[in-house]
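Colleague: Okay, handing you the structure first.
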Amino acid sequence: MKIKILFTTMVIGFCCLFGCSKNVPLSGKITFSDDNAPVTCGMVYFDNGQMTGRADIQPDGSYVLGFEKAGNGVPKGEYKVYFSGVAQVDKIETGQATDAKKQTFGGNVSVTSLINRKYNSAETTDIIFEADGTTQKFDIKLDRAK
């Protein structure tokens with residue numbers, strides 16, 4: 001009996017100290033705001049200032065968020081949503097000129113960002129997601145690079 005009381009007390013103490021919230025599965029689709037075409041590559045990040053969840057963006061624009069492991073969802077809280085790797089990679093010939101939006105690597109590959117730069121970090125993004133413990137779908141529309 002004493003062991004049962006001790007165990008119950010420990011569980012209650014743990015929940016009070018660390019919270020008893022559980023992750024809620026979160027998925028959605030990422031599209032461009034001008035024509036609703038899917039964003040077909042890259043990563044999406046959900047950052048609450050203490051931890052960051054991430055997901056690969058699939059070719060159809062879909063994602064399934066994970067924190068400790070892929071697809072395990074999101075705990076309650078407010079998150080800044082940002083992206084990386086949403087770009088087009090092109091092979092270029094040596095000496096070929098590239099425009100200001102492209103970065104060249106090794107002289108034969110250029111990378112062009114497809115989305116507005118404000119989405120590239122938690123500090124500059126204007127996309128905020130509030131996880132309320134029940135929301136399971138969050139679709140996102142992004143502005144294209146200018």
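Each chain in the structure tokens gets a letter, A, B and so on, in the order shown; residues start at 1 in every chain, and ligands are counted from 1 in the order they appear.
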Neighbours of A:Thr52 within 10 Å (only C-alpha atoms; same-chain residues fewer than 5 positions away dropped), as a list in words?

Modeller: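 So, after excluding close chain neighbours, the residues are Tyr45, Phe46, Asp47, Gly66, Phe67, Glu68, Val74, Tyr79, Lys80 and Val81 of chain A.
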
Colleague: How many Å separate atom CA of A:Ile57 from atom CA of A:Gly133?

Modeller: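 Spanning atom CA of A:Ile57 to atom CA of A:Gly133 is a straight-line distance of 22.8 Å.
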
Colleague: Calculated over only C-alpha atoms, which of the candidates A:Met43, A:Asn48, A:Lys118, A:Ser27 has the smallest distance to A:Thr135?

Modeller: A:Ser27

Colleague: Let's see if you can do this: from backbone DSSP, list all strand (DSSP E or B) residues in stretch 18-61 of chain A, as a list of chain:residue names.

Modeller: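 These are the residues in question: A:Val24, A:Ser27, A:Gly28, A:Lys29, A:Ile30, A:Thr31, A:Phe32, A:Pro38, A:Met43, A:Val44, A:Tyr45, A:Phe46, A:Asp47, A:Thr52, A:Gly53, A:Arg54, A:Ala55, A:Asp56.
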
Colleague: Please produce a file of the residues just selected, as a compact mmCIF listing (two decimals), in the first residue's frame, where the atoms kept are N, CA, C and O atoms.

Modeller:
```txt
# COMPACT_ATOMS: atom_id res chain seq x y z
N VAL A 24 -0.04 16.40 -29.68
CA VAL A 24 -1.17 16.16 -30.57
C VAL A 24 -0.60 16.05 -31.98
O VAL A 24 0.19 16.91 -32.40
N SER A 27 -0.40 17.90 -38.88
CA SER A 27 -0.01 17.78 -40.28
C SER A 27 -0.71 18.89 -41.05
O SER A 27 -1.56 19.60 -40.52
N GLY A 28 -0.34 19.04 -42.29
CA GLY A 28 -0.97 20.05 -43.13
C GLY A 28 -0.37 20.06 -44.50
O GLY A 28 0.39 19.16 -44.88
N LYS A 29 -0.71 21.11 -45.25
CA LYS A 29 -0.22 21.26 -46.60
C LYS A 29 0.32 22.67 -46.75
O LYS A 29 -0.28 23.63 -46.26
N ILE A 30 1.45 22.80 -47.43
CA ILE A 30 2.10 24.08 -47.64
C ILE A 30 1.99 24.43 -49.12
O ILE A 30 2.41 23.64 -49.98
N THR A 31 1.41 25.58 -49.41
CA THR A 31 1.19 26.01 -50.78
C THR A 31 1.65 27.46 -50.96
O THR A 31 1.85 28.19 -49.98
N PHE A 32 1.79 27.88 -52.21
CA PHE A 32 2.10 29.27 -52.52
C PHE A 32 0.82 30.08 -52.49
O PHE A 32 -0.24 29.63 -52.95
N PRO A 38 1.52 23.53 -54.72
CA PRO A 38 2.21 23.00 -53.53
C PRO A 38 3.68 23.40 -53.50
O PRO A 38 4.34 23.49 -54.55
N MET A 43 12.17 21.91 -45.64
CA MET A 43 11.81 21.54 -44.27
C MET A 43 10.97 22.65 -43.67
O MET A 43 11.21 23.83 -43.96
N VAL A 44 10.03 22.28 -42.81
CA VAL A 44 9.26 23.24 -42.03
C VAL A 44 9.62 23.03 -40.56
O VAL A 44 9.79 21.89 -40.12
N TYR A 45 9.78 24.13 -39.83
CA TYR A 45 10.17 24.10 -38.41
C TYR A 45 9.13 24.82 -37.57
O TYR A 45 8.64 25.88 -37.97
N PHE A 46 8.81 24.27 -36.40
CA PHE A 46 7.93 24.90 -35.42
C PHE A 46 8.77 25.13 -34.17
O PHE A 46 9.21 24.17 -33.54
N ASP A 47 8.99 26.39 -33.81
CA ASP A 47 9.91 26.75 -32.72
C ASP A 47 9.16 27.51 -31.64
O ASP A 47 8.55 28.55 -31.91
N THR A 52 12.37 22.84 -30.92
CA THR A 52 11.96 22.99 -32.31
C THR A 52 11.56 21.65 -32.88
O THR A 52 12.33 20.69 -32.81
N GLY A 53 10.36 21.59 -33.44
CA GLY A 53 9.90 20.41 -34.17
C GLY A 53 10.11 20.65 -35.65
O GLY A 53 10.19 21.79 -36.10
N ARG A 54 10.22 19.58 -36.40
CA ARG A 54 10.45 19.74 -37.83
C ARG A 54 9.79 18.63 -38.62
O ARG A 54 9.46 17.57 -38.09
N ALA A 55 9.65 18.91 -39.92
CA ALA A 55 9.09 17.92 -40.83
C ALA A 55 9.62 18.16 -42.24
O ALA A 55 9.86 19.30 -42.63
N ASP A 56 9.81 17.08 -42.97
CA ASP A 56 10.13 17.19 -44.39
C ASP A 56 8.87 17.59 -45.14
O ASP A 56 7.78 17.08 -44.86
```

Colleague: Considering only C-alpha atoms, state which residue in the set A:Asp143, A:Met51, A:Asp60, A:Asn23 is at the smallest distance from A:Thr125.

Modeller: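 With only C-alpha atoms as the atom set, the closest residue is A:Asp143.
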
Colleague: Find the distance between atom CA of A:Glu130 and atom CA of A:Val64 and write it in Å to one decimal.

Modeller: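 Value for the atom CA of A:Glu130-atom CA of A:Val64 distance: 16.3 Å.
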
Colleague: Go ahead and compute the interatomic distance for atom CA of A:Asp132 and atom CA of A:Gly77, in Å to one decimal.

Modeller: 6.8 Å

Colleague: Pick out the residues sitting within 8 Å of A:Pro25, and hand them over as a list in words; count only C-alpha atoms, and ignore anything fewer than 3 positions along from it in its own chain.

Modeller: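 Those residues are Val64, Leu65, Gly71, Asn72, Gly73, Val74 and Gln136 of chain A.
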
Colleague: Using only C-alpha atoms, which protein or nucleic acid residues come within 9 Å of A:Asp90? Drop anything in the same chain fewer than 5 positions from it, and give the result as a list in words.

Modeller: Asn108, Val109, Ser110, Val111 and Thr112 of chain A
